[in-house]
Amino acid sequence: MTDTLTLLGIESSCDDTSAAVVRQAGEAAPEILSNVVYGQTELHAAFGGVVPEIAARAHAEKLDLAVEEALSQAGIGFSDVDAIAVTAGPGLIGGVISGVMCAKGLSAGLGIPLVGVNHLAGHALTPRLTDQIAFPYLMLLVSGGHCQFLIAHGPEEFTRLGGTIDDAPGEAFDKTARLLGLPQPGGPSVEAEAKSGNPKRFAFPRPLLDRPGCDLSFSGLKTALLRARDAIVAEKGGLTRQDRADLCASFQAAVADVLAKKTARALETYLAENPETPILAVAGGVAANQTIRGALETVCADHAVDFTAPPLALCTDNAAMIAYAGLARFKAGHQDDMSLVARPRWPLDKKAPALLGGGKKGAKA
């Protein structure tokens with residue numbers, strides 16, 4: 001293994017088809033040479049959410065183009081690639097299979113090592129890619145399908161402090177947007193509408209704040225918004241633009257409050273480990289929400305803890321984070337073969353009990 005490693009990353013766990021090239025020379029800061037993302041928003045717009053079968057077919061059509069473009073932008077060929085990293089789960093199984101099969105084909109055809117990557121590890125290690133922060137750090141992974149508090153001890157060693165027992169915040173934002181007739185994805189739509197709203201007009205619940213621990217719940221909050229909407233419609237015969245803005249602002253404020261208070265609890269547990277440089281890192285699409293980010297920054301300031309969040313392009317699903325996570329695994333001597341399987345479920349902390357139950361396919365989260 002050479003001191004300089006160049007990895008091609010492939011990501012297809014949901015509705016973004018992505019390929020990227022990341023290079024690292026020894027212990028120097030890793031460099032993103034390219035990061036190509038083909039979105040599918042228009043394909044799913046008419047359905048109010050991601051349709052798994054449509055997503056899988058789109059991945060199959062775009063993966064080779066994404067890989068070709070990533071190599072072109074990086075100015076390299078396959079002969080310059082030391083290994084291929086691919087999201088092997090968790091995610092929509094059709095999309096994950098598309099990526100894994102593409103990576104297997106390239107690995108077998110070119111004789112290049114294959115490294116399967118946990119999609120959640122990609123998000124959790126992104127602050128190492130962008131800011132080279134030191135272990136251990138506290139990670140709030142808050143995205144469309146996941147929400148967890150994790151202490152990252154190493155590239156493959158994570159302790160989960162808590163997470164959502166039902167909807168993730170991103171799912172709650174998407175459902176809120178659908179209830180209010182706003183376009184998908186729901187996060188940006190609700191945030192934009194909330195800017196002209198009154199966050200105190202509706203007293204929405206702050207679920208699980210009356211219970212100890214760091215677990216979260218957002219399903220009841222979504223239901224409360226539905227009832228508030230229906231009450232307005234029953235009274236007025238419909239929603240005004242201001243009603244909708246106030247509903248969005250009040251919902252967003254509730255989510256921010258819950259995340260801030262649960263983050264404070266997670267920080268207490270994390271700080272008890274006496275990290276040399278305490279830091280909270282946030283990743284995932286919801287981390288782009290400015291109200292939520294501001295609330296988290298305030299909590300960090302109150303606890304004298306540094307705060308970091310990757311650039312927006314690296315908060316959402318992308319292959320650069322997969323390439324880097326794969327690079328870390330590869331450097332540690334791990335690689336896979338043609339027996340690598342796509343996994344719809346793949347918890348980072350294998351010792352923690354499942355948040356959402358389990359089954360034949362393993363723990364859900």
# chains A, B, ... in the order shown; residues from 1 in each chain; ligands from 1
call {"tool": "select_by_dssp", "arguments": {"residues": "stretch 139-270 of chain A", "states": "helix (DSSP H, G or I)", "output": "number ranges by chain"}}
result
A: 169-179, 186-194, 219-236, 241-270
call {"tool": "closest_atom_pairs", "arguments": {"of": "stretch 245-282 of chain A", "to": "stretch 309-320 of chain A", "cutoff": "12 Å", "atoms": "only C-alpha atoms", "output": "Markdown table"}}
result
| residue | atom | partner | partner_atom | distance |
| --- | --- | --- | --- | --- |
| A:Ile279 | CA | A:Ala309 | CA | 10.6 |
| A:Leu280 | CA | A:Ala309 | CA | 8.6 |
| A:Ala281 | CA | A:Ala309 | CA | 5.7 |
| A:Val282 | CA | A:Ala309 | CA | 5.0 |
call {"tool": "residues_around", "arguments": {"residues": "A:Arg57", "least_positions_apart": "4", "cutoff": "10 Å", "atoms": "only C-alpha atoms", "output": "list in words"}}
result
Pro52, Glu53, Glu61, Lys62, Gly94, Gly95 and Ser98 of chain A
call {"tool": "write_last_selection", "arguments": {"atoms": "N, CA and C atoms", "output": "compact mmCIF listing (two decimals), in the first residue's frame"}}
result
# COMPACT_ATOMS: atom_id res chain seq x y z
N PRO A 52 -39.17 4.20 -4.31
CA PRO A 52 -37.98 3.34 -4.37
C PRO A 52 -37.69 2.73 -5.73
N GLU A 53 -38.72 2.24 -6.43
CA GLU A 53 -38.49 1.60 -7.72
C GLU A 53 -37.98 2.61 -8.76
N GLU A 61 -29.33 3.83 -14.41
CA GLU A 61 -29.09 4.58 -15.64
C GLU A 61 -27.97 5.61 -15.50
N LYS A 62 -27.70 6.08 -14.29
CA LYS A 62 -26.79 7.21 -14.10
C LYS A 62 -25.44 6.86 -13.48
N GLY A 94 -33.13 -1.23 -3.36
CA GLY A 94 -32.91 -1.24 -4.80
C GLY A 94 -31.78 -0.32 -5.20
N GLY A 95 -31.73 0.86 -4.60
CA GLY A 95 -30.66 1.79 -4.89
C GLY A 95 -29.31 1.29 -4.40
N SER A 98 -27.98 -1.31 -6.72
CA SER A 98 -27.47 -0.72 -7.96
C SER A 98 -26.02 -0.27 -7.78
call {"tool": "residues_around", "arguments": {"residues": "A:His146", "least_positions_apart": "5", "cutoff": "8 Å", "atoms": "only C-alpha atoms", "output": "VMD selection string"}}
result
chain A and resid 141 164 168 to 170
call {"tool": "atom_distance", "arguments": {"atom1": "atom CA of A:Gly220", "atom2": "atom CA of A:Ile165"}}
result
11.3 Å
call {"tool": "closest_residue", "arguments": {"among": "A:Leu33, A:Gly111, A:Ile54, A:Ile97", "to": "A:Ala74", "atoms": "only C-alpha atoms"}}
result
A:Leu33
call {"tool": "residues_around", "arguments": {"residues": "stretch 258-265 of chain A", "least_positions_apart": "5", "cutoff": "7 Å", "atoms": "only C-alpha atoms", "output": "PyMOL selection string"}}
result
chain A and resi 206+214+295-296+299
call {"tool": "closest_residue", "arguments": {"among": "A:Val233, A:Ala245, A:Cys14, A:Leu226", "to": "A:Ala55", "atoms": "only C-alpha atoms"}}
result
A:Cys14
call {"tool": "residues_around", "arguments": {"residues": "A:Asp64", "least_positions_apart": "2", "cutoff": "10 Å", "atoms": "only C-alpha atoms", "output": "ChimeraX atom specification"}}
result
/A:17-19,59-62,66-70,99,102-103,106
call {"tool": "write_last_selection", "arguments": {"atoms": "N, CA and C atoms", "output": "PDB file, in the first residue's frame"}}
result
ATOM      1  N   THR A  17     -27.675  10.013  -7.045  1.00  0.00           N
ATOM      2  CA  THR A  17     -26.658   9.156  -7.657  1.00  0.00           C
ATOM      3  C   THR A  17     -25.352   9.937  -7.660  1.00  0.00           C
ATOM      4  N   SER A  18     -24.343   9.411  -6.982  1.00  0.00           N
ATOM      5  CA  SER A  18     -23.120  10.196  -6.814  1.00  0.00           C
ATOM      6  C   SER A  18     -21.872   9.339  -6.968  1.00  0.00           C
ATOM      7  N   ALA A  19     -20.840   9.952  -7.536  1.00  0.00           N
ATOM      8  CA  ALA A  19     -19.513   9.345  -7.623  1.00  0.00           C
ATOM      9  C   ALA A  19     -18.499  10.437  -7.325  1.00  0.00           C
ATOM     10  N   HIS A  59     -30.809   5.216 -10.674  1.00  0.00           N
ATOM     11  CA  HIS A  59     -29.419   4.924 -10.298  1.00  0.00           C
ATOM     12  C   HIS A  59     -28.757   4.046 -11.351  1.00  0.00           C
ATOM     13  N   ALA A  60     -29.459   3.002 -11.781  1.00  0.00           N
ATOM     14  CA  ALA A  60     -28.891   2.084 -12.770  1.00  0.00           C
ATOM     15  C   ALA A  60     -28.541   2.805 -14.072  1.00  0.00           C
ATOM     16  N   GLU A  61     -29.327   3.831 -14.411  1.00  0.00           N
ATOM     17  CA  GLU A  61     -29.092   4.582 -15.639  1.00  0.00           C
ATOM     18  C   GLU A  61     -27.969   5.607 -15.505  1.00  0.00           C
ATOM     19  N   LYS A  62     -27.702   6.082 -14.292  1.00  0.00           N
ATOM     20  CA  LYS A  62     -26.790   7.210 -14.103  1.00  0.00           C
ATOM     21  C   LYS A  62     -25.443   6.862 -13.482  1.00  0.00           C
ATOM     22  N   ALA A  66     -21.991   8.962 -13.808  1.00  0.00           N
ATOM     23  CA  ALA A  66     -21.434   9.671 -12.647  1.00  0.00           C
ATOM     24  C   ALA A  66     -19.980   9.288 -12.432  1.00  0.00           C
ATOM     25  N   VAL A  67     -19.663   7.996 -12.569  1.00  0.00           N
ATOM     26  CA  VAL A  67     -18.286   7.535 -12.401  1.00  0.00           C
ATOM     27  C   VAL A  67     -17.387   8.155 -13.466  1.00  0.00           C
ATOM     28  N   GLU A  68     -17.842   8.140 -14.709  1.00  0.00           N
ATOM     29  CA  GLU A  68     -17.063   8.712 -15.806  1.00  0.00           C
ATOM     30  C   GLU A  68     -16.804  10.202 -15.571  1.00  0.00           C
ATOM     31  N   GLU A  69     -17.826  10.925 -15.136  1.00  0.00           N
ATOM     32  CA  GLU A  69     -17.665  12.362 -14.897  1.00  0.00           C
ATOM     33  C   GLU A  69     -16.747  12.624 -13.708  1.00  0.00           C
ATOM     34  N   ALA A  70     -16.849  11.807 -12.658  1.00  0.00           N
ATOM     35  CA  ALA A  70     -15.991  11.996 -11.483  1.00  0.00           C
ATOM     36  C   ALA A  70     -14.524  11.807 -11.840  1.00  0.00           C
ATOM     37  N   GLY A  99     -25.745   0.415  -6.678  1.00  0.00           N
ATOM     38  CA  GLY A  99     -24.388   0.888  -6.423  1.00  0.00           C
ATOM     39  C   GLY A  99     -23.408  -0.231  -6.165  1.00  0.00           C
ATOM     40  N   CYS A 102     -22.583  -2.090  -9.398  1.00  0.00           N
ATOM     41  CA  CYS A 102     -21.697  -1.269 -10.233  1.00  0.00           C
ATOM     42  C   CYS A 102     -20.267  -1.350  -9.712  1.00  0.00           C
ATOM     43  N   ALA A 103     -20.102  -1.206  -8.394  1.00  0.00           N
ATOM     44  CA  ALA A 103     -18.764  -1.249  -7.791  1.00  0.00           C
ATOM     45  C   ALA A 103     -18.131  -2.633  -7.956  1.00  0.00           C
ATOM     46  N   LEU A 106     -16.844  -2.995 -11.555  1.00  0.00           N
ATOM     47  CA  LEU A 106     -15.598  -2.253 -11.761  1.00  0.00           C
ATOM     48  C   LEU A 106     -14.434  -2.939 -11.058  1.00  0.00           C
TER      49      LEU A 106
END
call {"tool": "residues_around", "arguments": {"residues": "A:Ala323", "least_positions_apart": "5", "cutoff": "8 Å", "atoms": "only C-alpha atoms", "output": "PDB file with C-alpha atoms, in the first residue's frame"}}
result
ATOM      1  CA  LEU A   7     -10.319   6.152  -3.837  1.00  0.00           C
ATOM      2  CA  LEU A   8     -13.341   6.233  -6.092  1.00  0.00           C
ATOM      3  CA  GLY A   9     -16.558   6.486  -4.077  1.00  0.00           C
ATOM      4  CA  ILE A  10     -20.067   5.464  -5.169  1.00  0.00           C
ATOM      5  CA  ALA A  20     -16.432  11.066  -6.243  1.00  0.00           C
ATOM      6  CA  VAL A  21     -12.662  10.824  -6.046  1.00  0.00           C
ATOM      7  CA  VAL A  22     -10.809  11.492  -2.776  1.00  0.00           C
ATOM      8  CA  ILE A  84     -13.431   1.498  -4.931  1.00  0.00           C
ATOM      9  CA  ALA A  85     -15.628   2.430  -1.948  1.00  0.00           C
ATOM     10  CA  VAL A  86     -19.372   1.920  -2.212  1.00  0.00           C
TER      11      VAL A  86
END
call {"tool": "closest_atom_pairs", "arguments": {"of": "stretch 231-323 of chain A", "to": "stretch 177-193 of chain A", "cutoff": "9 Å", "atoms": "only C-alpha atoms", "output": "tab-separated table"}}
result
residue	atom	partner	partner_atom	distance
A:Leu239	CA	A:Leu180	CA	8.8
A:Arg241	CA	A:Glu193	CA	9.0
A:Arg244	CA	A:Leu180	CA	6.8
A:Ala245	CA	A:Glu193	CA	5.1
A:Asp246	CA	A:Glu193	CA	8.4
A:Leu247	CA	A:Leu180	CA	8.7
A:Cys248	CA	A:Val190	CA	5.6
A:Ala249	CA	A:Glu193	CA	7.5
A:Phe251	CA	A:Val190	CA	8.9
A:Gln252	CA	A:Glu191	CA	7.4
A:Gly285	CA	A:Gly187	CA	8.2
A:Val286	CA	A:Gly187	CA	6.9
A:Ala288	CA	A:Pro188	CA	8.7
A:Asn289	CA	A:Glu191	CA	6.9
A:Gln290	CA	A:Glu191	CA	8.3
A:Thr291	CA	A:Glu191	CA	8.3
